[in-house]
Amino acid sequence: SKWGGCFDRGETRAARKWGNMAKTVKMADIAKVMGVSTVTVSKALSDQKGVSEELRVKIKKKAEEMGFSSMPVCMAKNQYSLSDDPKKLGRPSGFTINIREVYVSAGAGFVVAITGAIMTMPGLPKTPAAFSIDVDTNGKITGLF
């Protein structure tokens, strides 16, 4: 299923539709548009029980329209363990990983699954702001924010 594991990389549908490469789409966004809970969206996208087939198809279609598919998945987790528990060091076995939040980084072109209590860094633009800074012959600086 294209909804599990790693996805094929390509131009995001969200970027084409909204024309905004920095737009992120969260399960909560899909849930709001569809009038269902984020739990229902999560179950539908991962083919779990508790969601009718008709609703599952509608949610997957809307998620794809919003840019929530056809992208690789980035697991954002602590650096101490493959699990989401920093106390389980290294490569523990027999654990269940808990996903706290999932969103699409449309500009970067991947889905981010956040586990545990971690902080993420903001994305950067394609062109650094320093490229637009200049100093003229009189010493006047232009291009600063």
# chains A, B, ... in the order shown; residues from 1 in each chain; ligands from 1
call {"tool": "residues_around", "arguments": {"residues": "A:Arg100", "least_positions_apart": "3", "cutoff": "7 Å", "atoms": "only C-alpha atoms", "output": "PyMOL selection string"}}
result
chain A and resi 114-116
call {"tool": "residues_around", "arguments": {"residues": "A:Thr40", "least_positions_apart": "4", "cutoff": "7 Å", "atoms": "only C-alpha atoms", "output": "count of residues only"}}
result
3
call {"tool": "residues_around", "arguments": {"residues": "A:Ser93", "least_positions_apart": "4", "cutoff": "10 Å", "atoms": "only C-alpha atoms", "output": "ChimeraX atom specification"}}
result
/A:82-83,88
call {"tool": "residues_around", "arguments": {"residues": "A:Val112", "least_positions_apart": "2", "cutoff": "8 Å", "atoms": "only C-alpha atoms", "output": "list in words"}}
result
Val73, Cys74, Met75, Ala76, Val102, Tyr103, Val104, Ser105, Phe110 and Ile114 of chain A
call {"tool": "write_last_selection", "arguments": {"atoms": "N, CA and C atoms", "output": "mmCIF file, in the first residue's frame"}}
result
data_model
loop_
_atom_site.group_PDB
_atom_site.id
_atom_site.type_symbol
_atom_site.label_atom_id
_atom_site.label_comp_id
_atom_site.auth_asym_id
_atom_site.auth_seq_id
_atom_site.Cartn_x
_atom_site.Cartn_y
_atom_site.Cartn_z
ATOM 1 N N VAL A 73 8.853 8.922 3.970
ATOM 2 C CA VAL A 73 8.518 9.185 5.371
ATOM 3 C C VAL A 73 9.806 9.409 6.159
ATOM 4 N N CYS A 74 9.834 10.483 6.933
ATOM 5 C CA CYS A 74 10.950 10.792 7.817
ATOM 6 C C CYS A 74 10.476 10.576 9.251
ATOM 7 N N MET A 75 11.137 9.670 9.972
ATOM 8 C CA MET A 75 10.791 9.424 11.377
ATOM 9 C C MET A 75 11.617 10.367 12.244
ATOM 10 N N ALA A 76 10.966 11.268 12.930
ATOM 11 C CA ALA A 76 11.643 12.193 13.842
ATOM 12 C C ALA A 76 11.556 11.598 15.247
ATOM 13 N N VAL A 102 1.806 13.499 12.868
ATOM 14 C CA VAL A 102 2.242 13.264 11.490
ATOM 15 C C VAL A 102 1.838 14.470 10.661
ATOM 16 N N TYR A 103 2.782 14.977 9.864
ATOM 17 C CA TYR A 103 2.454 16.074 8.959
ATOM 18 C C TYR A 103 3.284 15.991 7.692
ATOM 19 N N VAL A 104 2.852 16.727 6.684
ATOM 20 C CA VAL A 104 3.546 16.759 5.401
ATOM 21 C C VAL A 104 4.393 18.020 5.329
ATOM 22 N N SER A 105 5.656 17.870 4.986
ATOM 23 C CA SER A 105 6.515 19.006 4.667
ATOM 24 C C SER A 105 6.540 19.078 3.142
ATOM 25 N N PHE A 110 8.466 15.435 1.900
ATOM 26 C CA PHE A 110 8.352 14.209 2.667
ATOM 27 C C PHE A 110 7.341 14.343 3.794
ATOM 28 N N ILE A 114 6.403 12.258 13.970
ATOM 29 C CA ILE A 114 7.101 12.664 15.189
ATOM 30 C C ILE A 114 6.780 11.686 16.312
#
call {"tool": "select_by_dssp", "arguments": {"residues": "stretch 21-92 of chain A", "states": "strand (DSSP E or B)", "output": "short mmCIF file (atom, residue, chain, number, x, y, z; two decimals) with N, CA and C atoms, in the first residue's frame"}}
result
data_model
loop_
_atom_site.label_atom_id
_atom_site.label_comp_id
_atom_site.auth_asym_id
_atom_site.auth_seq_id
_atom_site.Cartn_x
_atom_site.Cartn_y
_atom_site.Cartn_z
N THR A 24 2.45 22.84 5.11
CA THR A 24 2.43 21.51 5.69
C THR A 24 0.98 21.08 5.86
N VAL A 25 0.71 19.82 5.63
CA VAL A 25 -0.63 19.27 5.78
C VAL A 25 -0.58 18.26 6.91
N LYS A 26 -1.39 18.47 7.91
CA LYS A 26 -1.43 17.57 9.05
C LYS A 26 -2.69 16.72 8.99
N VAL A 73 8.85 8.92 3.97
CA VAL A 73 8.52 9.19 5.37
C VAL A 73 9.81 9.41 6.16
N CYS A 74 9.83 10.48 6.93
CA CYS A 74 10.95 10.79 7.82
C CYS A 74 10.48 10.58 9.25
N MET A 75 11.14 9.67 9.97
CA MET A 75 10.79 9.42 11.38
C MET A 75 11.62 10.37 12.24
N ALA A 76 10.97 11.27 12.93
CA ALA A 76 11.64 12.19 13.84
C ALA A 76 11.56 11.60 15.25
N SER A 81 17.87 5.92 20.76
CA SER A 81 17.25 4.62 20.58
C SER A 81 16.46 4.55 19.28
N GLY A 90 20.10 2.20 22.26
CA GLY A 90 20.56 1.40 21.13
C GLY A 90 19.45 0.83 20.27
#
call {"tool": "atom_distance", "arguments": {"atom1": "atom CA of A:Ser37", "atom2": "atom CA of A:Val111"}}
result
19.5 Å
call {"tool": "closest_residue", "arguments": {"among": "A:Gly139, A:Lys43, A:Ile59, A:Met119", "to": "A:Lys77", "atoms": "only C-alpha atoms"}}
result
A:Met119
call {"tool": "residues_around", "arguments": {"residues": "A:Ile30", "least_positions_apart": "6", "cutoff": "8 Å", "atoms": "only C-alpha atoms", "output": "MDAnalysis selection string"}}
result
chainID A and resid 38 41 59 62:63 66
call {"tool": "closest_residue", "arguments": {"among": "A:Pro86, A:Gly109, A:Gly50, A:Pro125", "to": "A:Pro72", "atoms": "only C-alpha atoms"}}
result
A:Gly109
call {"tool": "closest_residue", "arguments": {"among": "A:Tyr80, A:Phe68, A:Phe95, A:Phe131", "to": "A:Ile118", "atoms": "only C-alpha atoms"}}
result
A:Tyr80
call {"tool": "closest_residue", "arguments": {"among": "A:Asp47, A:Glu101, A:Asp136, A:Glu64", "to": "A:Thr120", "atoms": "only C-alpha atoms"}}
result
A:Glu101
call {"tool": "atom_distance", "arguments": {"atom1": "atom CA of A:Val39", "atom2": "atom CA of A:Ala108"}}
result
25.4 Å
